[in-house]
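Enquirer: entry-v7.txt is the file, holding compact mmCIF, C-alpha atoms:
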# COMPACT_ATOMS: atom_id res chain seq x y z
CA MET A 1 0.00 0.00 0.00
CA ASP A 2 1.01 3.62 -0.43
CA ASN A 3 2.28 5.36 2.66
CA PHE A 4 -0.67 7.75 2.57
CA TYR A 5 -4.21 7.06 1.45
CA THR A 6 -7.82 7.78 2.34
CA ILE A 7 -8.97 6.31 5.65
CA CYS A 8 -12.70 5.98 6.37
CA ILE A 9 -14.04 5.35 9.87
CA THR A 10 -17.66 4.27 10.17
CA SER A 11 -19.93 4.97 13.12
CA ALA A 12 -23.32 3.71 14.24
CA PHE A 13 -26.28 6.08 14.19
CA GLY A 14 -26.45 8.45 17.17
CA ILE A 15 -22.85 8.14 18.39
CA GLU A 16 -21.08 10.11 15.67
CA ALA A 17 -20.13 12.83 18.15
CA VAL A 18 -18.38 10.28 20.36
CA VAL A 19 -16.31 8.88 17.49
CA LYS A 20 -15.49 12.41 16.34
CA ARG A 21 -14.18 13.23 19.82
CA GLU A 22 -12.14 10.02 19.91
CA LEU A 23 -10.50 10.86 16.58
CA PHE A 24 -9.68 14.35 17.86
CA LYS A 25 -8.05 12.93 20.99
CA LEU A 26 -6.01 10.54 18.83
CA GLY A 27 -4.55 13.57 17.05
CA TYR A 28 -6.51 13.59 13.79
CA GLY A 29 -8.08 17.02 14.26
CA ASN A 30 -11.68 18.01 13.71
CA VAL A 31 -12.60 15.28 11.21
CA PRO A 32 -16.01 15.95 9.60
CA ALA A 33 -18.62 13.22 9.34
CA GLU A 34 -20.85 12.47 6.36
CA ASN A 35 -23.59 9.87 6.75
CA GLY A 36 -21.82 8.33 9.73
CA THR A 37 -18.41 8.13 8.02
CA PHE A 38 -15.28 10.07 8.96
CA THR A 39 -12.73 10.50 6.15
CA PHE A 40 -9.14 11.74 6.32
CA LYS A 41 -5.71 11.12 4.81
CA GLY A 42 -3.37 8.88 6.78
CA SER A 43 -0.60 6.32 6.77
CA SER A 44 -0.50 2.60 7.50
CA LEU A 45 0.38 3.49 11.09
CA ASP A 46 -2.79 5.59 11.30
CA VAL A 47 -4.78 2.56 10.13
CA ALA A 48 -3.19 0.52 12.92
CA ARG A 49 -3.78 3.23 15.54
CA CYS A 50 -7.45 3.68 14.63
CA ASN A 51 -8.06 -0.06 14.82
CA MET A 52 -6.21 -0.25 18.13
CA PHE A 53 -7.64 2.75 19.97
CA LEU A 54 -11.14 3.58 18.70
CA ARG A 55 -13.66 2.40 21.29
CA SER A 56 -16.93 3.34 19.61
CA ALA A 57 -16.32 3.14 15.85
CA ASP A 58 -17.55 0.22 13.73
CA ARG A 59 -14.70 -0.39 11.26
CA VAL A 60 -11.64 1.15 9.64
CA TYR A 61 -11.61 1.18 5.84
CA VAL A 62 -9.25 2.33 3.11
CA LYS A 63 -11.16 4.00 0.27
CA LEU A 64 -9.81 2.83 -3.08
CA SER A 65 -11.98 4.62 -5.63
CA THR A 66 -15.17 6.57 -6.30
CA PHE A 67 -16.82 6.76 -9.73
CA ASP A 68 -20.18 7.27 -11.48
CA CYS A 69 -21.93 4.02 -12.15
CA THR A 70 -25.27 3.30 -13.85
CA THR A 71 -24.38 0.14 -15.83
CA PHE A 72 -22.53 -3.09 -15.14
CA ASP A 73 -19.94 -2.09 -17.75
CA GLU A 74 -19.23 1.13 -15.84
CA LEU A 75 -19.01 -0.84 -12.61
CA PHE A 76 -16.58 -3.32 -14.17
CA ASP A 77 -14.40 -0.61 -15.72
CA GLY A 78 -14.31 1.45 -12.53
CA VAL A 79 -13.24 -1.54 -10.43
CA GLU A 80 -10.70 -2.78 -12.98
CA ALA A 81 -9.09 0.68 -13.04
CA ILE A 82 -7.96 0.21 -9.41
CA ASP A 83 -4.38 -1.01 -9.01
CA TRP A 84 -5.40 -4.18 -7.15
CA GLY A 85 -1.88 -5.57 -7.22
CA GLU A 86 -0.88 -2.80 -4.84
CA PHE A 87 -3.39 -4.04 -2.27
CA LEU A 88 -4.09 -7.77 -2.78
CA SER A 89 -1.69 -10.70 -2.79
CA VAL A 90 -1.96 -13.33 -5.50
CA ASP A 91 -3.18 -16.10 -3.18
CA GLY A 92 -5.46 -14.05 -0.90
CA GLN A 93 -9.16 -14.67 -0.26
CA TYR A 94 -11.19 -11.94 -1.98
CA ILE A 95 -14.57 -11.48 -0.29
CA VAL A 96 -16.91 -8.90 -1.86
CA ASN A 97 -19.99 -7.42 -0.19
CA GLY A 98 -21.84 -4.14 -0.17
CA LYS A 99 -25.06 -2.22 -0.75
CA CYS A 100 -27.04 -0.41 -3.44
CA VAL A 101 -29.23 2.54 -2.47
CA ASN A 102 -31.36 4.71 -4.80
CA SER A 103 -29.36 3.54 -7.80
CA THR A 104 -29.92 2.08 -11.26
CA LEU A 105 -27.89 -0.95 -10.19
CA TYR A 106 -29.71 -2.63 -7.34
CA GLY A 107 -28.87 -6.34 -7.44
CA ILE A 108 -26.34 -7.01 -4.66
CA SER A 109 -25.32 -10.48 -5.89
CA ALA A 110 -24.90 -9.29 -9.49
CA CYS A 111 -22.71 -6.37 -8.34
CA GLN A 112 -20.65 -8.76 -6.22
CA SER A 113 -20.02 -10.98 -9.23
CA ILE A 114 -19.06 -8.08 -11.52
CA ILE A 115 -16.66 -6.62 -8.94
CA LYS A 116 -15.04 -9.99 -8.23
CA LYS A 117 -14.61 -10.61 -11.97
CA ALA A 118 -13.03 -7.17 -12.50
CA ILE A 119 -10.58 -7.80 -9.67
CA ILE A 120 -9.57 -11.21 -11.06
CA VAL A 121 -9.15 -9.78 -14.56
CA LYS A 122 -6.89 -7.02 -13.27
CA LEU A 123 -4.80 -9.39 -11.14
CA SER A 124 -4.57 -11.88 -14.00
CA LYS A 125 -2.94 -9.23 -16.15
CA LYS A 126 -0.51 -8.28 -13.37
CA TYR A 127 0.51 -11.77 -12.29
CA ARG A 128 -0.01 -13.43 -15.71
CA ILE A 129 -2.01 -16.31 -14.27
CA LYS A 130 -5.57 -17.51 -14.84
CA THR A 131 -6.24 -19.50 -11.67
CA PHE A 132 -6.26 -18.06 -8.16
CA SER A 133 -6.12 -20.36 -5.14
CA GLU A 134 -7.70 -17.89 -2.67
CA ASN A 135 -6.44 -19.97 0.25
CA ALA A 136 -4.35 -17.40 2.15
CA GLU A 137 -5.08 -14.15 3.98
CA ARG A 138 -8.52 -12.52 3.84
CA TYR A 139 -9.31 -9.31 1.96
CA LYS A 140 -12.82 -7.95 2.48
CA ILE A 141 -13.74 -5.63 -0.41
CA VAL A 142 -16.78 -3.47 0.28
CA PHE A 143 -18.80 -1.52 -2.28
CA SER A 144 -21.38 1.19 -1.78
CA ILE A 145 -23.48 2.32 -4.75
CA VAL A 146 -25.56 5.29 -3.63
CA ASN A 147 -27.38 7.63 -6.04
CA ASP A 148 -25.49 6.02 -8.96
CA VAL A 149 -22.07 6.73 -7.45
CA ALA A 150 -19.93 3.69 -6.57
CA THR A 151 -17.32 3.73 -3.82
CA ILE A 152 -14.95 0.82 -3.30
CA TYR A 153 -13.33 0.15 0.09
CA LEU A 154 -10.91 -2.32 1.64
CA ASP A 155 -11.85 -3.35 5.17
CA THR A 156 -8.70 -3.24 7.33
CA SER A 157 -10.47 -4.38 10.50
CA GLY A 158 -11.90 -7.68 9.33
CA ASP A 159 -14.21 -8.48 12.20
CA GLY A 160 -16.05 -5.42 13.51
CA LEU A 161 -14.33 -3.32 16.17
CA HIS A 162 -16.95 -4.40 18.71
CA LYS A 163 -15.20 -7.78 18.79
CA ARG A 164 -12.55 -6.96 21.39
CA GLY A 165 -11.47 -10.55 21.86
CA TYR A 166 -12.74 -10.96 25.43
CA ARG A 167 -16.35 -11.99 24.88
CA ASP A 168 -16.47 -15.55 23.55
CA ILE A 169 -19.93 -16.24 25.03
CA VAL A 170 -22.68 -13.89 23.89
CA GLY A 171 -25.66 -13.69 26.22
CA SER A 172 -29.26 -13.31 25.12
CA ALA A 173 -29.34 -9.77 26.49
CA SER A 174 -26.07 -8.51 25.05
CA ILE A 175 -25.13 -4.99 24.05
CA LYS A 176 -22.40 -4.28 21.51
CA GLU A 177 -19.08 -3.38 23.10
CA THR A 178 -18.73 -0.32 20.87
CA LEU A 179 -22.17 0.97 21.89
CA ALA A 180 -21.46 0.36 25.58
CA ALA A 181 -18.18 2.27 25.24
CA ALA A 182 -19.98 5.15 23.54
CA ILE A 183 -22.60 5.38 26.30
CA ILE A 184 -19.86 5.42 28.93
CA GLN A 185 -18.16 8.27 27.08
CA LEU A 186 -21.47 10.12 26.82
CA SER A 187 -21.86 9.79 30.58
CA VAL A 188 -20.19 11.80 33.34
CA TYR A 189 -18.14 8.79 34.41
CA ASN A 190 -14.51 9.15 35.42
CA PRO A 191 -12.33 6.85 37.59
CA ASP A 192 -13.05 8.95 40.68
CA LYS A 193 -16.74 8.02 40.57
CA ASP A 194 -18.36 4.71 41.45
CA PHE A 195 -19.67 2.80 38.45
CA ALA A 196 -22.39 0.15 38.56
CA ASP A 197 -24.52 -1.93 36.24
CA PRO A 198 -27.40 -3.68 38.08
CA PHE A 199 -28.35 -5.72 34.96
CA CYS A 200 -24.83 -6.53 33.78
CA GLY A 201 -25.59 -9.68 31.77
CA SER A 202 -22.29 -10.92 30.34
CA GLY A 203 -20.41 -7.94 31.77
CA THR A 204 -19.99 -5.59 28.84
CA PHE A 205 -20.66 -2.27 30.62
CA PRO A 206 -18.39 -2.94 33.64
CA ILE A 207 -15.60 -4.31 31.43
CA GLU A 208 -15.76 -1.37 29.02
CA ALA A 209 -15.78 1.01 32.00
CA ALA A 210 -12.63 -0.66 33.36
CA LEU A 211 -10.89 -0.46 29.97
CA TYR A 212 -11.86 3.21 29.67
CA ALA A 213 -10.85 4.12 33.23
CA THR A 214 -7.40 2.55 32.90
CA ARG A 215 -6.87 3.71 29.29
CA ARG A 216 -6.52 0.18 27.99
CA ALA A 217 -6.89 0.20 24.21
CA PRO A 218 -9.84 -1.96 23.08
CA GLY A 219 -7.78 -3.58 20.32
CA LEU A 220 -4.96 -4.93 22.47
CA ASN A 221 -6.28 -8.50 22.64
CA ARG A 222 -7.32 -9.16 19.04
CA ARG A 223 -6.03 -9.35 15.48
CA PHE A 224 -7.08 -7.25 12.50
CA ASP A 225 -7.14 -8.33 8.87
CA TYR A 226 -4.44 -5.83 7.83
CA GLN A 227 -1.91 -7.71 9.99
CA ASP A 228 -2.00 -10.66 7.59
CA TRP A 229 -1.66 -8.69 4.36
CA LYS A 230 1.63 -9.19 2.51
CA THR A 231 1.11 -5.79 0.89
CA PHE A 232 0.84 -3.92 4.20
CA ASP A 233 3.59 -2.57 6.46
CA ASN A 234 3.86 -5.37 9.04
CA THR A 235 5.66 -3.18 11.58
CA VAL A 236 2.73 -0.88 12.36
CA ARG A 237 0.86 -3.28 14.66
CA ALA A 238 3.91 -3.48 16.93
CA LYS A 239 4.17 0.31 17.02
CA ALA A 240 0.49 0.73 17.88
CA GLN A 241 0.79 -2.04 20.47
CA GLU A 242 3.76 -0.36 22.14
CA GLU A 243 1.93 2.96 22.25
CA ALA A 244 -1.13 1.28 23.76
CA GLU A 245 0.90 -0.55 26.43
CA ASN A 246 2.62 2.68 27.45
CA LEU A 247 -0.69 4.50 27.87
CA ILE A 248 -2.22 2.02 30.34
CA ARG A 249 -2.82 3.55 33.79
CA ARG A 250 -1.88 0.65 36.03
CA ASP A 251 -2.05 2.89 39.10
CA ILE A 252 -5.79 3.48 38.62
CA LYS A 253 -8.05 1.34 40.84
CA PRO A 254 -11.62 2.27 39.89
CA LYS A 255 -14.64 1.17 41.89
CA ILE A 256 -16.70 -0.75 39.33
CA SER A 257 -19.50 -3.24 40.04
CA GLY A 258 -21.68 -5.53 38.02
CA PHE A 259 -24.78 -7.33 39.30
CA ASP A 260 -27.23 -9.74 37.74
CA ILE A 261 -29.91 -12.05 39.09
CA ASP A 262 -28.70 -14.81 36.72
CA ARG A 263 -25.76 -16.74 38.20
CA LYS A 264 -24.67 -18.01 34.77
CA ALA A 265 -24.50 -14.43 33.52
CA ILE A 266 -22.19 -13.50 36.39
CA GLN A 267 -19.99 -16.49 35.60
CA GLN A 268 -19.78 -15.27 32.00
CA SER A 269 -18.95 -11.76 33.21
CA ILE A 270 -16.08 -13.03 35.33
CA ARG A 271 -14.75 -15.10 32.43
CA HIS A 272 -14.90 -12.14 30.05
CA ALA A 273 -13.27 -9.76 32.55
CA GLU A 274 -10.40 -12.22 32.99
CA LYS A 275 -9.87 -12.39 29.23
CA ALA A 276 -9.96 -8.58 29.03
CA GLY A 277 -7.32 -8.31 31.76
CA VAL A 278 -9.54 -6.30 34.13
CA ARG A 279 -10.91 -8.97 36.49
CA ASP A 280 -9.14 -7.41 39.50
CA LEU A 281 -10.83 -4.06 38.80
CA ILE A 282 -14.47 -5.20 38.89
CA HIS A 283 -16.70 -6.58 41.64
CA PHE A 284 -19.25 -9.02 40.18
CA GLN A 285 -22.09 -10.40 42.29
CA CYS A 286 -25.20 -12.47 41.68
CA ALA A 287 -27.90 -10.23 43.14
CA ASP A 288 -31.32 -8.72 42.42
CA GLN A 289 -31.22 -5.05 41.46
CA LYS A 290 -33.56 -4.39 44.40
CA THR A 291 -30.70 -5.07 46.80
CA PHE A 292 -28.31 -2.54 45.27
CA SER A 293 -27.38 0.39 47.51
CA SER A 294 -24.53 2.81 48.00
CA SER A 295 -23.73 5.48 50.54
CA ARG A 296 -21.30 7.12 48.12
CA PRO A 297 -22.70 10.09 46.16
CA TYR A 298 -22.20 11.05 42.49
CA GLY A 299 -21.96 7.52 41.12
CA VAL A 300 -22.77 6.50 37.57
CA MET A 301 -25.07 3.69 36.41
CA CYS A 302 -24.91 2.50 32.81
CA THR A 303 -27.23 -0.37 32.10
CA ASN A 304 -29.13 -2.36 29.48
CA PRO A 305 -32.03 -4.01 31.35
CA PRO A 306 -34.24 -6.74 29.84
CA TYR A 307 -37.02 -5.56 27.58
CA GLY A 308 -39.87 -7.07 25.59
CA GLU A 309 -38.08 -8.14 22.43
CA ARG A 310 -35.46 -10.02 24.41
CA LEU A 311 -36.32 -11.70 27.70
CA LEU A 312 -39.59 -10.47 29.19
CA ASN A 313 -43.07 -9.50 28.04
CA ASP A 314 -44.19 -5.87 28.31
CA LYS A 315 -46.07 -6.38 31.58
CA GLU A 316 -43.00 -7.92 33.21
CA VAL A 317 -40.73 -5.17 31.90
CA TYR A 318 -43.10 -2.51 33.20
CA ALA A 319 -43.06 -4.03 36.69
CA LEU A 320 -39.27 -4.44 36.62
CA MET A 321 -38.67 -0.81 35.63
CA LYS A 322 -41.11 0.37 38.29
CA ASP A 323 -39.12 -1.58 40.90
CA PHE A 324 -35.83 -0.31 39.51
CA SER A 325 -36.96 3.31 39.89
CA LYS A 326 -37.14 2.73 43.66
CA THR A 327 -33.57 1.41 43.66
CA PHE A 328 -32.23 4.32 41.67
CA ASN A 329 -34.16 6.96 43.62
CA SER A 330 -32.59 5.67 46.85
CA LEU A 331 -29.12 6.64 45.61
CA LYS A 332 -27.74 10.04 46.48
CA ASP A 333 -26.99 12.18 43.43
CA TRP A 334 -26.24 9.26 41.11
CA ASN A 335 -26.46 9.53 37.32
CA LEU A 336 -28.32 6.96 35.22
CA TYR A 337 -27.76 6.08 31.55
CA LEU A 338 -30.23 3.38 30.58
CA ILE A 339 -30.72 1.99 27.08
CA THR A 340 -33.92 0.15 26.22
CA ALA A 341 -36.36 -0.55 23.39
CA PHE A 342 -39.28 -0.54 25.86
CA ALA A 343 -41.52 2.30 24.66
CA ASP A 344 -43.23 2.87 28.03
CA PHE A 345 -40.01 3.12 30.03
CA GLU A 346 -40.51 6.67 31.36
CA LYS A 347 -44.07 5.89 32.37
CA ALA A 348 -42.96 2.77 34.23
CA PHE A 349 -39.97 4.54 35.77
CA GLY A 350 -42.24 7.34 36.96
CA LYS A 351 -40.02 10.18 35.84
CA LYS A 352 -39.25 11.91 32.55
CA ALA A 353 -35.59 11.69 31.54
CA ASP A 354 -33.44 14.82 31.55
CA LYS A 355 -32.26 13.77 28.08
CA ASN A 356 -32.88 10.93 25.67
CA ARG A 357 -31.48 10.01 22.28
CA LYS A 358 -32.23 7.41 19.66
CA LEU A 359 -29.62 4.67 19.27
CA PHE A 360 -29.47 1.24 17.65
CA ASN A 361 -28.25 -1.86 19.47
CA GLY A 362 -27.57 -3.95 16.40
CA LYS A 363 -30.77 -3.58 14.36
CA ILE A 364 -32.99 -2.85 17.36
CA GLU A 365 -34.06 0.77 17.72
CA CYS A 366 -33.59 1.90 21.32
CA ARG A 367 -33.57 5.02 23.45
CA LEU A 368 -30.83 6.09 25.82
CA TYR A 369 -32.51 7.71 28.83
CA GLN A 370 -30.28 10.01 30.89
CA TYR A 371 -30.99 11.10 34.45
CA GLN A 372 -28.53 13.63 35.78
CA GLY A 373 -27.63 13.76 39.45
CA LYS A 374 -26.36 16.77 41.33
CA LYS A 375 -22.87 17.87 40.34
CA PRO A 376 -20.18 17.29 43.00
CA ASN A 377 -19.00 20.22 45.05
CA LYS A 378 -15.36 21.11 44.58
CA ASN A 379 -14.67 20.14 48.19
CA ASP A 380 -16.29 16.68 47.88
Please rewrite the model in this file as structure tokens.
Expert:
Amino acid sequence: MDNFYTICITSAFGIEAVVKRELFKLGYGNVPAENGTFTFKGSSLDVARCNMFLRSADRVYVKLSTFDCTTFDELFDGVEAIDWGEFLSVDGQYIVNGKCVNSTLYGISACQSIIKKAIIVKLSKKYRIKTFSENAERYKIVFSIVNDVATIYLDTSGDGLHKRGYRDIVGSASIKETLAAAIIQLSVYNPDKDFADPFCGSGTFPIEAALYATRRAPGLNRRFDYQDWKTFDNTVRAKAQEEAENLIRRDIKPKISGFDIDRKAIQQSIRHAEKAGVRDLIHFQCADQKTFSSSRPYGVMCTNPPYGERLLNDKEVYALMKDFSKTFNSLKDWNLYLITAFADFEKAFGKKADKNRKLFNGKIECRLYQYQGKKPNKND
């Protein structure tokens, strides 16, 4: 790959501001967003750093080309014009996927076939071979045809950035790691405050809080597709890794707790925390949310309680949220950030949220309800 090229960072709906702030803190300036995508020029090291450090983004792409496209011939020619030999090895696996929106070309499978054929034709000319084994490293080629304009990307992440490498057992009430990290960053949480999740499930919120509090990069314990590419600078992962290791705050001992009424869920949480390297920073306990209490003020709750589409029917969810309101109201000046798809949450909770925003947990439309506690006094 060239030393500098176009990097595209994608973000889920509703958390663009969080990703924008993360990019700024990483040193990439005030990167503008368009339709949930942040685009800037960068090097192979920047690709490695974004994959390593971004907590809330979805994926890191390299944009290869953009061109007008209303016919399959134009699609073929536009893809063939890309210097694929600069990016793909001769024996790599070429996986093509994408989308068509408001365009003359609308058949996903047909576009996949045309793009794959154009890539093979171009590589055949470069390597002077007709047969490709496709039995080595993976290259995920992504296309987006929107309003008759095609854009071709190479996915450097491989698996989505929400796959940190610590969660090998996904519970029935799971929240994406990237979304949990975004909610934590939207909250007023810092390592000086208590943090709790009374419906912790498989432990995502407490683990992400521990990673955030101690500045542990979310990509430390996983691989990315770019690491296997023969055409990519294979030294950049080590550089990003070294930077990430040096930034860890090992002196920080946050007070983080996770509770769940399901004993198996707590066992999963402990397992995941161990794999994430933060087990010693989190107190997990099998307990009903009704029993949660704290004498410490100004704490932060981030939670993803059961709701109708997942574990309980609407009547059960209503009763649970009504009970939970008593637990939360007993806490002195705590802040609550609760994500749910339950439409009657505020009615059941008995109090209108100070703020709420629409988010998506996977494909499920949810609301993040925010209840702000009193701000700490400077002397507290």
Enquirer: Please provide the set of residues having any atom within 10 Å of A:Glu34, restricted to only C-alpha atoms, with same-chain residues fewer than 3 positions apart removed, written as a PyMOL selection string.
Expert: chain A and resi 10+16+31+37-39
Enquirer: Using all atoms listed in the file, pick whichever of A:Asn147, A:Ser293, A:Cys50, A:Ile129 has the shortest atom-to-atom distance to A:Asp68.
Expert: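 The closest residue to A:Asp68 is A:Asn147.
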Enquirer: Skip A:Ala48 itself and residues of its chain fewer than 4 positions away, then list as a PyMOL selection string all residues within 12 Å of it, counting only C-alpha atoms.
Expert: chain A and resi 7+26+42-44+52-54+59-62+156-157+217+219-220+223-227+232-244
Enquirer: Atom CA of A:Tyr369 and atom CA of A:Asp354, how far apart in Å?
Expert: 7.7 Å
Enquirer: For A:Ile119, find every residue with an atom within 12 Å (counting all atoms listed in the file), except residues of its own chain fewer than 5 positions away, and show them as a PyMOL selection string.
Expert: chain A and resi 75-90+92-96+112-114+124-126+132+139+141+152
Enquirer: List as an MDAnalysis selection string the protein and nucleic acid residues near A:Lys176, meaning an atom at most 9 Å away when all atoms listed in the file are counted, but skip any in the same chain fewer than 3 places from it.
Expert: chainID A and resid 162:163 179:181 204 361:362
Enquirer: For a test of reading the model, state the distance in Å between atom CA of A:Ala209 and atom CA of A:Arg263, rounded to one decimal.
Expert: 21.3 Å
Enquirer: Residues within 8 Å of A:Lys41, please, as a list in words. Count only C-alpha atoms; anything in the same chain fewer than 6 positions from it doesn't count.
Expert: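 Within the cut-off, the hits are Phe4, Tyr5, Thr6 and Ile7 of chain A.
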Enquirer: Quick one: write out the picked residues with C-alpha atoms as a compact mmCIF listing (two decimals), keeping the file's coordinate frame?
Expert:
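This went into result-v7.txt:
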# COMPACT_ATOMS: atom_id res chain seq x y z
CA PHE A 4 -0.67 7.75 2.57
CA TYR A 5 -4.21 7.06 1.45
CA THR A 6 -7.82 7.78 2.34
CA ILE A 7 -8.97 6.31 5.65
Enquirer: For a quick check of understanding, using all atoms listed in the file, which of A:Pro306, A:Pro218, A:Pro32, A:Gly14 has the smallest distance to A:Asn51?
Expert: A:Pro218
Enquirer: For A:Lys375, which of A:Asp260, A:Asp333, A:Asp251, A:Asp46 is the closest residue, counting only C-alpha atoms?
Expert: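 Counting only C-alpha atoms, the residue closest to A:Lys375 is A:Asp333.
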Enquirer: Rounded to one decimal, what separation in Å do you get between atom CA of A:Tyr166 and atom CA of A:Leu211?
Expert: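 Result for atom CA of A:Tyr166 versus atom CA of A:Leu211: 11.6 Å, one decimal.
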Enquirer: Closest to A:Tyr127 among A:Gly258, A:Ile145, A:Ile108, A:Asp91, using only C-alpha atoms?
Expert: A:Asp91
Enquirer: For A:Gly107, which of A:Lys374, A:Phe72, A:Tyr318, A:Phe328 is the closest residue, counting only C-alpha atoms?
Expert: A:Phe72
Enquirer: Grab all the atoms of stretch 289-298 of chain A that the file lists, wrap them in a box along x, y and z, add 6 Å per side, and give me centre plus edge lengths in Å (one decimal) as AutoDock Vina command-line options.
Expert:
--center_x -27.4 --center_y 3.0 --center_z 46.0 --size_x 24.3 --size_y 28.1 --size_z 21.1
Enquirer: Kindly extract all protein, DNA and RNA residues lying within 12 Å of the coordinates (-13.5, -1.1, 35.4) given in the file, considering only C-alpha atoms, and supply them as a ChimeraX atom specification.
Expert: /A:181,184,189-197,203-216,249-250,252-258,273-274,276-284
Enquirer: Can those selected residues be exported to a file as a PDB file, in the frame of the given file so that it contains C-alpha atoms?
Expert:
ATOM      1  CA  ALA A 181     -18.180   2.270  25.240  1.00  0.00           C
ATOM      2  CA  ILE A 184     -19.860   5.420  28.930  1.00  0.00           C
ATOM      3  CA  TYR A 189     -18.140   8.790  34.410  1.00  0.00           C
ATOM      4  CA  ASN A 190     -14.510   9.150  35.420  1.00  0.00           C
ATOM      5  CA  PRO A 191     -12.330   6.850  37.590  1.00  0.00           C
ATOM      6  CA  ASP A 192     -13.050   8.950  40.680  1.00  0.00           C
ATOM      7  CA  LYS A 193     -16.740   8.020  40.570  1.00  0.00           C
ATOM      8  CA  ASP A 194     -18.360   4.710  41.450  1.00  0.00           C
ATOM      9  CA  PHE A 195     -19.670   2.800  38.450  1.00  0.00           C
ATOM     10  CA  ALA A 196     -22.390   0.150  38.560  1.00  0.00           C
ATOM     11  CA  ASP A 197     -24.520  -1.930  36.240  1.00  0.00           C
ATOM     12  CA  GLY A 203     -20.410  -7.940  31.770  1.00  0.00           C
ATOM     13  CA  THR A 204     -19.990  -5.590  28.840  1.00  0.00           C
ATOM     14  CA  PHE A 205     -20.660  -2.270  30.620  1.00  0.00           C
ATOM     15  CA  PRO A 206     -18.390  -2.940  33.640  1.00  0.00           C
ATOM     16  CA  ILE A 207     -15.600  -4.310  31.430  1.00  0.00           C
ATOM     17  CA  GLU A 208     -15.760  -1.370  29.020  1.00  0.00           C
ATOM     18  CA  ALA A 209     -15.780   1.010  32.000  1.00  0.00           C
ATOM     19  CA  ALA A 210     -12.630  -0.660  33.360  1.00  0.00           C
ATOM     20  CA  LEU A 211     -10.890  -0.460  29.970  1.00  0.00           C
ATOM     21  CA  TYR A 212     -11.860   3.210  29.670  1.00  0.00           C
ATOM     22  CA  ALA A 213     -10.850   4.120  33.230  1.00  0.00           C
ATOM     23  CA  THR A 214      -7.400   2.550  32.900  1.00  0.00           C
ATOM     24  CA  ARG A 215      -6.870   3.710  29.290  1.00  0.00           C
ATOM     25  CA  ARG A 216      -6.520   0.180  27.990  1.00  0.00           C
ATOM     26  CA  ARG A 249      -2.820   3.550  33.790  1.00  0.00           C
ATOM     27  CA  ARG A 250      -1.880   0.650  36.030  1.00  0.00           C
ATOM     28  CA  ILE A 252      -5.790   3.480  38.620  1.00  0.00           C
ATOM     29  CA  LYS A 253      -8.050   1.340  40.840  1.00  0.00           C
ATOM     30  CA  PRO A 254     -11.620   2.270  39.890  1.00  0.00           C
ATOM     31  CA  LYS A 255     -14.640   1.170  41.890  1.00  0.00           C
ATOM     32  CA  ILE A 256     -16.700  -0.750  39.330  1.00  0.00           C
ATOM     33  CA  SER A 257     -19.500  -3.240  40.040  1.00  0.00           C
ATOM     34  CA  GLY A 258     -21.680  -5.530  38.020  1.00  0.00           C
ATOM     35  CA  ALA A 273     -13.270  -9.760  32.550  1.00  0.00           C
ATOM     36  CA  GLU A 274     -10.400 -12.220  32.990  1.00  0.00           C
ATOM     37  CA  ALA A 276      -9.960  -8.580  29.030  1.00  0.00           C
ATOM     38  CA  GLY A 277      -7.320  -8.310  31.760  1.00  0.00           C
ATOM     39  CA  VAL A 278      -9.540  -6.300  34.130  1.00  0.00           C
ATOM     40  CA  ARG A 279     -10.910  -8.970  36.490  1.00  0.00           C
ATOM     41  CA  ASP A 280      -9.140  -7.410  39.500  1.00  0.00           C
ATOM     42  CA  LEU A 281     -10.830  -4.060  38.800  1.00  0.00           C
ATOM     43  CA  ILE A 282     -14.470  -5.200  38.890  1.00  0.00           C
ATOM     44  CA  HIS A 283     -16.700  -6.580  41.640  1.00  0.00           C
ATOM     45  CA  PHE A 284     -19.250  -9.020  40.180  1.00  0.00           C
TER      46      PHE A 284
END
Enquirer: Choose the residue, out of A:Gln372, A:Thr66, A:Thr340, A:Asn377, that has the smallest atom-to-atom separation from A:Leu359; count only C-alpha atoms.
Expert: A:Thr340
